[in-house]
Structure formats: C-alpha cells, structure tokens
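Q: Below is the structure I would like to discuss, written out as structure tokens.
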Amino acid sequence: MEFTVDTRALAKLEADSLVTYLFEQEKPVEGVLGQLDAASGGALTKLFASGELTGKMLETTLLYYPQGLTAQRLLVVGAGKRDKFGTAELRRLAAASVRTLKSRQVKTVTFLARENDRTPAAAQAIVEGMILTNFYSDKYKTDKKPGNEITAAALAGWDESSRADADLGLARGRVIAESQNFARELGNEPSNRLTPRMLADRAAAMAREAGLSVDILDENKIAELKMGALLSVAQGSAEPPRMIIITYTPSTVKSGAPVLGLVGKAITFDTGGISIKPANDMEKMKYDMCGGAAMIGAMRAIAVLKPSCKVIAVVPSTENMPGGRAQKPGDVQISMAGKTIEVINTDAEGRLILADGIAYAKQLGCTHLVDAATLTGAVVVALSNVNVGVFGSDQAFTDQLLASSKVAGEKMWPLPIDDDYREMIKSGIADIQNVGSGKGGGAIVAAMFIKEFTGDTPWIHLDIAGTAWQDDVKPWNAKGATGVGVRTLVDLAMKFGEDGSASK
Ligand code: BES
Ligand code: ZN
Ligand code: ZN
C-alpha cells in the first residue's frame, strides 16, 4: 500500500473512497462532517435523523457518488463514545474501513482525520490499522485470485502547516505495521516451510537488509555453549535447532548504558514431544514460534526507527518432536546457567528453551529482559484471546511496558508472581522441575520457572498463547497469526532509549 499526505480541500480529494468517522450521538454538522454533509446534499443529517447513522463503534455507512465530492464513495465509520476514544480506537476503525472497502474492489482510499486527530500519533495509528488489515496472502494457493488489496492510501485533514506531523506518524506507522506483518507471515508459515534453519535464514536475510548484525548459532555451537535445556527439546527432532541473535547498536552508546534484551520462544512445531498433544487442533502448533517472530519483527522496525539504546534479540528455535532420541518424562537436564531441571512433562518445552535464551542474553550484556512466548494454555483460561498475560520482576519496568501496550493498542494485563509459587517447581531430584506440583496457576508457574534464570536482571514475561493467533476474522484484523507484541516492544524500545533506562 502506497501512502501519501493529501492537504487539498475536501472537494478535491480524489479516491475510490473517502473515509471518515462519527461519534455516538454526534449530529454530523460540525467541521469536516458538516462539510461532507453539505457535499452529500444533507445525506448524513438525514441518515442521522432516521436513526441509521448512530456512530456506534465500527458501524459502517457507505454513500455512493456524493455530489459535491470527487471521491466516488463516502464511508462513515462509527467511532463509539467520544470520551472513550483514543488512538487504539482510531487504529481499529481505520482497519475496519479497509476491511469494508477491500471486498468492494476499491483500490484507493483517502482517510480523513477529524479535527482533534491531526497529530503524529493519530497518523501513525491510522496507517498501522490500514496496513494491518490490508495484509493477505495466497502464497500456497495455485489458483491465485486477483488481489483485492487497497493499493494506495492518503491521509487527509492535515494542512501544509501540520504536514510534518502527518509525515512523521506515517513513516513510523508504516515501518511498525510492515514489521508486524512480517512477524505474521512467519507465524502463518506451516512447520515444513519454516523449520528452525529456515527461520534463522529469514531472520538473517531481514537483518542484513535492515543493517542489523546477526549471529546464528548452529547445533554444534549450541552444544559447545552447553545449552542443555534447548538441546533437550531439540534431541527428539531430525531438524537441528538454531539460536538466532540480532543486534541493533545505536551510533553513539555510552559505556554502562542499559541494554534491552528481547527473548522470544520459537518452537516451529510443538507436538508436545513424548508427552504428546491430542490430535485435535495440533495443526495450530505451527504458531508456537510467534514469540520469536515478534522479537524478529520488532528488530526490523527498531533498525529503521533507531532508538538510542542497544537492543539484542535472542531467539532459541527448535521443533518439539517425539523422535527416538526424544527426552522422556523424568529426565534431568543441565541448562546453560548450570541449573538442573527435571523434565516432568515434555510439552512444557517453551520454558526450557527460554531458560537458555535468557542465560545467553544475560551473557551478551542485556541489563533488562523482555521475553514473549506462546507458553501456556492456562493463560487462555485466565485471559481468553483478549489480553496478553504480563509478569514482571521490576514494577517500574513493567509499568513502562504496560504504558507502551496502551499506546500501541495491544491489550495486556498483569498477573501475579511471587515466591510462594516457587514451592510448586521444587524437584525431588534436580534443582527445579518444569511443571508445577500444585493445582492450577499454570501460567504463573511457567513464569516462575523462567524467573529462576533471570537472577537480578529486571525482567518481563509476556504469555501470548491466547493472543498470537486469531481463529476468526475480526473487523479490524485477518485470521491467523496476529503479530502481537511487535508494536508494544517497538514503543518500549524507543522510550527505553530516551530515558536511558526504563526502570527509572
Ligand atoms: N505451546 C504450548 C502452549 C500453548 C497452548 C500455546 C495453547 C498456544 C495455545 C506449550 O508448549 C504447552 O504445551 N504448554 C503446556 C504446559 C503444561 C504441560 C504444563 C500447557 O499449557 O498445556
Ligand atoms: Zn508444549
Ligand atoms: Zn509450546
């Protein structure tokens, strides 16, 4: 989708469709809405009076050939209650407008921002929403349909004096949304088309193109570094594991400055191993690499947006298979950090590979850590497919991430973690075991296991098992991998750089 900023008068805006939005119970008479109403011969006020145009969130009203406009259609999207409206709602309604118009063979769209929304943040949200719903792939279809994507979009509402604000938001929104789509493409790939080696190749190609440094550790190097927890998961598979490290270094970096580490779980397929999963829904376990994909996607945007702090992504990747050499329940493994782990359930493999990912990120000098992982079914029970589960060892750092999630419009919710849960991962034979001995709290127990490897380093864990994949089409999004985390992590990295430290 090509984007421009169009500062011409309303009547001159050329596009297949002009899009704007209306609040609940708002009579369409003020500002640009008044102008559009006049241009459409009072159609909007008539529809409002008839009760058809209500402004309810994501309601869509489409008018054809409004007389006074050059645009062929006018789409008015409901914006919901004015006092609840923010960039998250704007992003969703911009997205919903693209979904509505895509199916109508519309190729060009001009999105008209309302008077209060002519800021860089609003432009960013609009662009993000539009790019995210325009995402579509028929890569594996032989009968390719002619694309029904929007090819060109313009931002309107800004004038020459505020054009720079629109340009700034547009540039940011574009790279962030394209990077999120990059993560979604990876998440949608079947596991035979995205083995750990292929994921490493794609991450490396992206990094080289973006000017980031990249280091891929193969199975020999992983063994040399004694990453026993990662190797224990990989040993059941014919496909070798990889550890993917992508580094962004700012042009000037003070010695002793904080370094942000992004550790992402990338199980390219999770059968459960010997503790095998039921067949039903198992095909979805190709998305068990979405934590890793989010980190790789975030790095793609970070390369362009250039925060002032160093950021290192560490992505351990393997399949979890029940091959002849697979680890078995009861096996004891020695992690890179030296801690011994009794593997009670081979399906709790994400925490194993993260243990070594975190140990390695610390060795590389990360002073603050965020991990993202499709880690537990339990987080889906707790938060459904709506919120990411957030666990943190440092309140200020966690608050900063939650603030970024609000800005980014990615719903995240804090869950508790404290030492009482540690009791549940005590092992009779090793230092810790990989599942809890008590009842319930599965997402917390998993977080507690990871925390064991973080030491004193401020750390946040994002359990994205419920939010990384969407089963149904939403007005603002396609089904499949969501790329959740990318927007929040990019915002966090940008602010982390500004402050010198997120936990100040
Ligand atoms: N990859 C799964 C978690 C998952 C579940 C992701 C549903 C997406 C949707 C993870 O490796 C797993 O299997 N976790 C187990 C842990 C249990 C054995 C302690 C789970 O949640 O059932
Ligand atoms: Zn598993
Ligand atoms: Zn898994």
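For the structure tokens, the naming scheme is as follows: chains receive sequential letters (A, B, ...) according to their order of presentation, residues are indexed from 1 within each chain, and ligands are indexed from 1 in presentation order.
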Please provide the set of residues having any atom within 8 Å of A:Ile176, restricted to only C-alpha atoms, with same-chain residues fewer than 2 positions apart removed, written as a count of residues only.
A: 12
Q: Where does stretch 393-480 of chain A meet stretch 185-197 of chain A within 9 Å, residue by residue, with the nearest atom pair and distance in Å to one decimal for each, counting only C-alpha atoms, listed by chain and rising number, as JSON lines?
A:
{"residue": "A:Ala468", "atom": "CA", "partner": "A:Gly187", "partner_atom": "CA", "distance": 8.4}
{"residue": "A:Trp469", "atom": "CA", "partner": "A:Gly187", "partner_atom": "CA", "distance": 8.4}
{"residue": "A:Gly480", "atom": "CA", "partner": "A:Asn188", "partner_atom": "CA", "distance": 6.4}
Q: Set the cut-off to 6 Å, count only C-alpha atoms and all ligand atoms, and list whatever residues fall near ligand 2 as a count of residues only.
A: 5
Q: Which residues are near ligand 3 in this structure, taking near to mean any atom at most 12 Å from a ligand atom and counting only C-alpha atoms and all ligand atoms? Format them as a PDB file with N, CA, C and O atoms, in the first residue's frame.
A:
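As written to disk, part-v2.pdb reads:
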ATOM      1  N   VAL A 233      15.173 -30.290  24.204  1.00  0.00           N
ATOM      2  CA  VAL A 233      13.941 -30.235  23.401  1.00  0.00           C
ATOM      3  C   VAL A 233      14.252 -30.657  21.972  1.00  0.00           C
ATOM      4  O   VAL A 233      13.493 -31.409  21.350  1.00  0.00           O
ATOM      5  N   GLY A 264      12.649 -14.485  22.524  1.00  0.00           N
ATOM      6  CA  GLY A 264      11.367 -14.986  22.017  1.00  0.00           C
ATOM      7  C   GLY A 264      11.374 -16.492  21.785  1.00  0.00           C
ATOM      8  O   GLY A 264      12.301 -17.041  21.171  1.00  0.00           O
ATOM      9  N   LYS A 265      10.335 -17.158  22.262  1.00  0.00           N
ATOM     10  CA  LYS A 265      10.189 -18.605  22.052  1.00  0.00           C
ATOM     11  C   LYS A 265       9.859 -18.880  20.581  1.00  0.00           C
ATOM     12  O   LYS A 265       8.879 -18.349  20.055  1.00  0.00           O
ATOM     13  N   ALA A 266      10.661 -19.727  19.941  1.00  0.00           N
ATOM     14  CA  ALA A 266      10.374 -20.085  18.547  1.00  0.00           C
ATOM     15  C   ALA A 266      10.392 -21.601  18.366  1.00  0.00           C
ATOM     16  O   ALA A 266      11.329 -22.173  17.798  1.00  0.00           O
ATOM     17  N   ILE A 267       9.344 -22.253  18.859  1.00  0.00           N
ATOM     18  CA  ILE A 267       9.143 -23.673  18.588  1.00  0.00           C
ATOM     19  C   ILE A 267       8.392 -23.724  17.252  1.00  0.00           C
ATOM     20  O   ILE A 267       7.241 -23.290  17.174  1.00  0.00           O
ATOM     21  N   THR A 268       9.070 -24.193  16.206  1.00  0.00           N
ATOM     22  CA  THR A 268       8.432 -24.129  14.883  1.00  0.00           C
ATOM     23  C   THR A 268       7.309 -25.156  14.742  1.00  0.00           C
ATOM     24  O   THR A 268       6.442 -25.008  13.901  1.00  0.00           O
ATOM     25  N   PHE A 269       7.336 -26.189  15.591  1.00  0.00           N
ATOM     26  CA  PHE A 269       6.153 -27.041  15.757  1.00  0.00           C
ATOM     27  C   PHE A 269       6.223 -27.747  17.106  1.00  0.00           C
ATOM     28  O   PHE A 269       7.248 -28.326  17.452  1.00  0.00           O
ATOM     29  N   ASP A 270       5.110 -27.709  17.827  1.00  0.00           N
ATOM     30  CA  ASP A 270       5.049 -28.315  19.159  1.00  0.00           C
ATOM     31  C   ASP A 270       4.073 -29.491  19.156  1.00  0.00           C
ATOM     32  O   ASP A 270       2.863 -29.309  19.229  1.00  0.00           O
ATOM     33  N   THR A 271       4.646 -30.704  19.026  1.00  0.00           N
ATOM     34  CA  THR A 271       3.781 -31.902  19.131  1.00  0.00           C
ATOM     35  C   THR A 271       3.517 -32.237  20.596  1.00  0.00           C
ATOM     36  O   THR A 271       2.665 -33.065  20.899  1.00  0.00           O
ATOM     37  N   GLY A 272       4.310 -31.641  21.480  1.00  0.00           N
ATOM     38  CA  GLY A 272       4.273 -31.999  22.896  1.00  0.00           C
ATOM     39  C   GLY A 272       5.437 -32.919  23.249  1.00  0.00           C
ATOM     40  O   GLY A 272       5.746 -33.117  24.412  1.00  0.00           O
ATOM     41  N   GLY A 273       6.061 -33.520  22.220  1.00  0.00           N
ATOM     42  CA  GLY A 273       7.131 -34.487  22.499  1.00  0.00           C
ATOM     43  C   GLY A 273       6.513 -35.796  22.996  1.00  0.00           C
ATOM     44  O   GLY A 273       5.384 -36.135  22.629  1.00  0.00           O
ATOM     45  N   SER A 275       5.287 -36.472  25.830  1.00  0.00           N
ATOM     46  CA  SER A 275       4.002 -36.109  26.474  1.00  0.00           C
ATOM     47  C   SER A 275       3.113 -35.522  25.371  1.00  0.00           C
ATOM     48  O   SER A 275       2.740 -34.344  25.402  1.00  0.00           O
ATOM     49  N   ILE A 276       2.787 -36.363  24.408  1.00  0.00           N
ATOM     50  CA  ILE A 276       2.225 -35.857  23.139  1.00  0.00           C
ATOM     51  C   ILE A 276       0.848 -35.218  23.296  1.00  0.00           C
ATOM     52  O   ILE A 276       0.058 -35.614  24.153  1.00  0.00           O
ATOM     53  N   LYS A 277       0.605 -34.205  22.469  1.00  0.00           N
ATOM     54  CA  LYS A 277      -0.666 -33.485  22.496  1.00  0.00           C
ATOM     55  C   LYS A 277      -1.747 -34.303  21.777  1.00  0.00           C
ATOM     56  O   LYS A 277      -1.428 -35.070  20.881  1.00  0.00           O
ATOM     57  N   MET A 282      -3.949 -29.827  16.795  1.00  0.00           N
ATOM     58  CA  MET A 282      -2.487 -29.842  16.863  1.00  0.00           C
ATOM     59  C   MET A 282      -1.852 -29.041  15.717  1.00  0.00           C
ATOM     60  O   MET A 282      -0.779 -28.467  15.878  1.00  0.00           O
ATOM     61  N   LYS A 284      -2.401 -26.278  14.761  1.00  0.00           N
ATOM     62  CA  LYS A 284      -2.160 -24.866  15.130  1.00  0.00           C
ATOM     63  C   LYS A 284      -0.797 -24.658  15.769  1.00  0.00           C
ATOM     64  O   LYS A 284      -0.307 -23.531  15.863  1.00  0.00           O
ATOM     65  N   MET A 285      -0.204 -25.745  16.237  1.00  0.00           N
ATOM     66  CA  MET A 285       1.059 -25.593  16.963  1.00  0.00           C
ATOM     67  C   MET A 285       2.225 -25.154  16.083  1.00  0.00           C
ATOM     68  O   MET A 285       3.344 -25.033  16.531  1.00  0.00           O
ATOM     69  N   LYS A 286       1.914 -24.860  14.796  1.00  0.00           N
ATOM     70  CA  LYS A 286       2.923 -24.184  13.964  1.00  0.00           C
ATOM     71  C   LYS A 286       3.120 -22.745  14.440  1.00  0.00           C
ATOM     72  O   LYS A 286       4.119 -22.111  14.131  1.00  0.00           O
ATOM     73  N   TYR A 287       2.161 -22.235  15.176  1.00  0.00           N
ATOM     74  CA  TYR A 287       2.322 -20.834  15.628  1.00  0.00           C
ATOM     75  C   TYR A 287       3.042 -20.711  16.958  1.00  0.00           C
ATOM     76  O   TYR A 287       3.122 -19.635  17.534  1.00  0.00           O
ATOM     77  N   ASP A 288       3.656 -21.813  17.384  1.00  0.00           N
ATOM     78  CA  ASP A 288       4.362 -21.795  18.665  1.00  0.00           C
ATOM     79  C   ASP A 288       5.698 -21.049  18.575  1.00  0.00           C
ATOM     80  O   ASP A 288       6.484 -21.067  19.521  1.00  0.00           O
ATOM     81  N   MET A 289       5.935 -20.414  17.423  1.00  0.00           N
ATOM     82  CA  MET A 289       7.160 -19.619  17.259  1.00  0.00           C
ATOM     83  C   MET A 289       6.851 -18.124  17.232  1.00  0.00           C
ATOM     84  O   MET A 289       7.700 -17.308  16.866  1.00  0.00           O
ATOM     85  N   CYS A 290       5.609 -17.768  17.615  1.00  0.00           N
ATOM     86  CA  CYS A 290       5.211 -16.359  17.475  1.00  0.00           C
ATOM     87  C   CYS A 290       5.921 -15.406  18.444  1.00  0.00           C
ATOM     88  O   CYS A 290       6.041 -14.219  18.156  1.00  0.00           O
ATOM     89  N   GLY A 291       6.391 -15.916  19.577  1.00  0.00           N
ATOM     90  CA  GLY A 291       7.182 -15.059  20.475  1.00  0.00           C
ATOM     91  C   GLY A 291       8.472 -14.651  19.778  1.00  0.00           C
ATOM     92  O   GLY A 291       8.849 -13.474  19.755  1.00  0.00           O
ATOM     93  N   GLY A 292       9.118 -15.626  19.158  1.00  0.00           N
ATOM     94  CA  GLY A 292      10.344 -15.342  18.419  1.00  0.00           C
ATOM     95  C   GLY A 292      10.078 -14.415  17.242  1.00  0.00           C
ATOM     96  O   GLY A 292      10.824 -13.463  16.996  1.00  0.00           O
ATOM     97  N   SER A 317      15.338 -21.557  18.792  1.00  0.00           N
ATOM     98  CA  SER A 317      14.357 -22.175  17.898  1.00  0.00           C
ATOM     99  C   SER A 317      14.625 -23.671  17.721  1.00  0.00           C
ATOM    100  O   SER A 317      15.752 -24.091  17.465  1.00  0.00           O
ATOM    101  N   THR A 318      13.568 -24.445  17.846  1.00  0.00           N
ATOM    102  CA  THR A 318      13.648 -25.889  17.612  1.00  0.00           C
ATOM    103  C   THR A 318      12.240 -26.422  17.380  1.00  0.00           C
ATOM    104  O   THR A 318      11.256 -25.728  17.637  1.00  0.00           O
ATOM    105  N   GLU A 319      12.171 -27.660  16.896  1.00  0.00           N
ATOM    106  CA  GLU A 319      10.883 -28.357  16.904  1.00  0.00           C
ATOM    107  C   GLU A 319      10.782 -29.101  18.242  1.00  0.00           C
ATOM    108  O   GLU A 319      11.804 -29.398  18.866  1.00  0.00           O
ATOM    109  N   ASN A 320       9.570 -29.441  18.651  1.00  0.00           N
ATOM    110  CA  ASN A 320       9.397 -30.320  19.817  1.00  0.00           C
ATOM    111  C   ASN A 320       8.735 -31.597  19.314  1.00  0.00           C
ATOM    112  O   ASN A 320       7.533 -31.643  19.094  1.00  0.00           O
ATOM    113  N   MET A 321       9.577 -32.632  19.080  1.00  0.00           N
ATOM    114  CA  MET A 321       9.111 -33.861  18.437  1.00  0.00           C
ATOM    115  C   MET A 321       9.351 -35.080  19.330  1.00  0.00           C
ATOM    116  O   MET A 321      10.275 -35.093  20.139  1.00  0.00           O
ATOM    117  N   ASN A 345       7.167 -33.007  32.203  1.00  0.00           N
ATOM    118  CA  ASN A 345       6.276 -33.030  31.047  1.00  0.00           C
ATOM    119  C   ASN A 345       7.019 -32.416  29.861  1.00  0.00           C
ATOM    120  O   ASN A 345       7.419 -31.250  29.902  1.00  0.00           O
ATOM    121  N   THR A 346       7.188 -33.215  28.800  1.00  0.00           N
ATOM    122  CA  THR A 346       7.988 -32.714  27.665  1.00  0.00           C
ATOM    123  C   THR A 346       7.232 -31.662  26.858  1.00  0.00           C
ATOM    124  O   THR A 346       7.810 -31.015  25.987  1.00  0.00           O
ATOM    125  N   ASP A 347       5.936 -31.511  27.160  1.00  0.00           N
ATOM    126  CA  ASP A 347       5.150 -30.477  26.460  1.00  0.00           C
ATOM    127  C   ASP A 347       5.376 -29.091  27.079  1.00  0.00           C
ATOM    128  O   ASP A 347       4.966 -28.094  26.517  1.00  0.00           O
ATOM    129  N   ALA A 348       5.986 -29.037  28.251  1.00  0.00           N
ATOM    130  CA  ALA A 348       6.330 -27.732  28.836  1.00  0.00           C
ATOM    131  C   ALA A 348       7.744 -27.390  28.385  1.00  0.00           C
ATOM    132  O   ALA A 348       8.681 -27.274  29.180  1.00  0.00           O
ATOM    133  N   GLU A 349       7.887 -27.282  27.025  1.00  0.00           N
ATOM    134  CA  GLU A 349       9.215 -27.127  26.416  1.00  0.00           C
ATOM    135  C   GLU A 349       9.620 -25.675  26.222  1.00  0.00           C
ATOM    136  O   GLU A 349      10.802 -25.371  26.142  1.00  0.00           O
ATOM    137  N   GLY A 350       8.616 -24.786  26.142  1.00  0.00           N
ATOM    138  CA  GLY A 350       8.925 -23.377  25.876  1.00  0.00           C
ATOM    139  C   GLY A 350       9.811 -22.797  26.957  1.00  0.00           C
ATOM    140  O   GLY A 350      10.821 -22.131  26.684  1.00  0.00           O
ATOM    141  N   ARG A 351       9.478 -23.119  28.208  1.00  0.00           N
ATOM    142  CA  ARG A 351      10.259 -22.589  29.334  1.00  0.00           C
ATOM    143  C   ARG A 351      11.685 -23.124  29.324  1.00  0.00           C
ATOM    144  O   ARG A 351      12.603 -22.474  29.799  1.00  0.00           O
ATOM    145  N   LEU A 352      11.859 -24.334  28.757  1.00  0.00           N
ATOM    146  CA  LEU A 352      13.209 -24.909  28.699  1.00  0.00           C
ATOM    147  C   LEU A 352      14.087 -24.109  27.732  1.00  0.00           C
ATOM    148  O   LEU A 352      15.201 -23.718  28.064  1.00  0.00           O
ATOM    149  N   ILE A 353      13.554 -23.853  26.553  1.00  0.00           N
ATOM    150  CA  ILE A 353      14.391 -23.135  25.572  1.00  0.00           C
ATOM    151  C   ILE A 353      14.581 -21.673  25.990  1.00  0.00           C
ATOM    152  O   ILE A 353      15.625 -21.080  25.736  1.00  0.00           O
ATOM    153  N   LEU A 354      13.585 -21.113  26.680  1.00  0.00           N
ATOM    154  CA  LEU A 354      13.733 -19.733  27.161  1.00  0.00           C
ATOM    155  C   LEU A 354      14.796 -19.641  28.254  1.00  0.00           C
ATOM    156  O   LEU A 354      15.492 -18.629  28.371  1.00  0.00           O
ATOM    157  N   ALA A 372       8.854 -13.085  25.191  1.00  0.00           N
ATOM    158  CA  ALA A 372       7.496 -13.298  24.676  1.00  0.00           C
ATOM    159  C   ALA A 372       7.395 -14.744  24.240  1.00  0.00           C
ATOM    160  O   ALA A 372       8.305 -15.266  23.574  1.00  0.00           O
ATOM    161  N   ALA A 373       6.290 -15.398  24.626  1.00  0.00           N
ATOM    162  CA  ALA A 373       6.171 -16.819  24.333  1.00  0.00           C
ATOM    163  C   ALA A 373       4.719 -17.259  24.320  1.00  0.00           C
ATOM    164  O   ALA A 373       3.920 -16.825  25.151  1.00  0.00           O
ATOM    165  N   THR A 374       4.394 -18.124  23.359  1.00  0.00           N
ATOM    166  CA  THR A 374       3.101 -18.833  23.392  1.00  0.00           C
ATOM    167  C   THR A 374       3.298 -19.955  24.395  1.00  0.00           C
ATOM    168  O   THR A 374       3.546 -21.102  24.033  1.00  0.00           O
ATOM    169  N   LEU A 375       3.212 -19.609  25.682  1.00  0.00           N
ATOM    170  CA  LEU A 375       3.740 -20.511  26.698  1.00  0.00           C
ATOM    171  C   LEU A 375       2.747 -21.478  27.305  1.00  0.00           C
ATOM    172  O   LEU A 375       3.080 -22.636  27.540  1.00  0.00           O
ATOM    173  N   THR A 376       1.530 -20.994  27.609  1.00  0.00           N
ATOM    174  CA  THR A 376       0.617 -21.892  28.348  1.00  0.00           C
ATOM    175  C   THR A 376      -0.839 -21.810  27.885  1.00  0.00           C
ATOM    176  O   THR A 376      -1.343 -20.731  27.550  1.00  0.00           O
ATOM    177  N   GLY A 377      -1.503 -22.951  27.917  1.00  0.00           N
ATOM    178  CA  GLY A 377      -2.944 -22.979  27.722  1.00  0.00           C
ATOM    179  C   GLY A 377      -3.622 -22.266  28.892  1.00  0.00           C
ATOM    180  O   GLY A 377      -4.719 -21.724  28.751  1.00  0.00           O
ATOM    181  N   ALA A 446       4.664 -21.277  35.098  1.00  0.00           N
ATOM    182  CA  ALA A 446       5.574 -21.207  33.948  1.00  0.00           C
ATOM    183  C   ALA A 446       6.455 -19.962  34.038  1.00  0.00           C
ATOM    184  O   ALA A 446       7.665 -20.020  33.797  1.00  0.00           O
ATOM    185  N   ASP A 463       3.043 -13.763  28.146  1.00  0.00           N
ATOM    186  CA  ASP A 463       2.478 -15.031  27.674  1.00  0.00           C
ATOM    187  C   ASP A 463       1.433 -14.711  26.604  1.00  0.00           C
ATOM    188  O   ASP A 463       0.340 -14.197  26.893  1.00  0.00           O
ATOM    189  N   ILE A 464       1.787 -15.005  25.352  1.00  0.00           N
ATOM    190  CA  ILE A 464       0.947 -14.634  24.208  1.00  0.00           C
ATOM    191  C   ILE A 464       0.217 -15.843  23.609  1.00  0.00           C
ATOM    192  O   ILE A 464      -0.264 -15.768  22.462  1.00  0.00           O
ATOM    193  N   ALA A 465       0.077 -16.922  24.396  1.00  0.00           N
ATOM    194  CA  ALA A 465      -0.561 -18.139  23.855  1.00  0.00           C
ATOM    195  C   ALA A 465      -1.986 -17.861  23.366  1.00  0.00           C
ATOM    196  O   ALA A 465      -2.435 -18.450  22.382  1.00  0.00           O
TER     197      ALA A 465
END
Q: Enumerate the residues of stretch 249-375 of chain A with a DSSP assignment of alpha helix (DSSP H), computed from the backbone, and present them as a PyMOL selection string.
A: chain A and resi 290-305+350-363
Q: Residues near A:Ile126, anyone? I mean within 9 Å using only C-alpha atoms, not counting same-chain ones fewer than 5 positions away, as a PyMOL selection string.
A: chain A and resi 87+90-95+111+113+121+131+155+169-170+173
Q: Rounded to one decimal, what separation in Å do you get between atom CA of A:Phe182 and atom CA of A:Leu305?
A: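 Here the two named atoms are 16.2 Å from each other.
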Q: Separation of atom CA of A:His368 and atom CA of A:Leu415, in Å?
A: 19.3 Å
Q: What residues in stretch 169-271 of chain A get the DSSP label strand (DSSP E)? Please answer as a PyMOL selection string.
A: chain A and resi 213-217+242-248+259-264+266-270
Q: So that I can see what lies close to stretch 390-407 of chain A, please list as an MDAnalysis selection string the residues with an atom at most 10 Å from it, counting only C-alpha atoms and leaving out residues fewer than 5 positions away in the same chain.
A: chainID A and resid 86:88 121 125 368:372 379 412:418 443:444 447:448 451 454:464 485:496 501:504
Q: Using only C-alpha atoms and all ligand atoms, which of the listed residues (A:Leu75, A:Val445, A:Ile341, A:Ala294) sits closest to ligand 1?
A: A:Val445
Q: Need to verify the contact set: stretch 68-73 of chain A, 9 Å, only C-alpha atoms, exclusion of same-chain residues closer than 6 positions in sequence. Can you return it as a count of residues only?
A: 18
Q: Between A:Ala430, A:Ile344, A:Leu212, A:Leu383, which one has atoms that come closest to A:Ile312, using only C-alpha atoms?
A: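 Closest to A:Ile312 of all the choices is A:Leu212.
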Q: Interatomic distance between atom CA of A:Gly228 and atom CA of A:Met336?
A: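 Separation between atom CA of A:Gly228 and atom CA of A:Met336: 6.0 Å.
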Q: For A:Ala326, which of A:Thr252, A:Thr4, A:Gln235, A:Ser161 is the closest residue, counting only C-alpha atoms?
A: A:Gln235
Q: Rank A:Glu209, A:Asp472, A:Glu423, A:Asp218 by their smallest atom-to-atom distance to A:Met299, using only C-alpha atoms, and report the top residue only.
A: A:Glu209
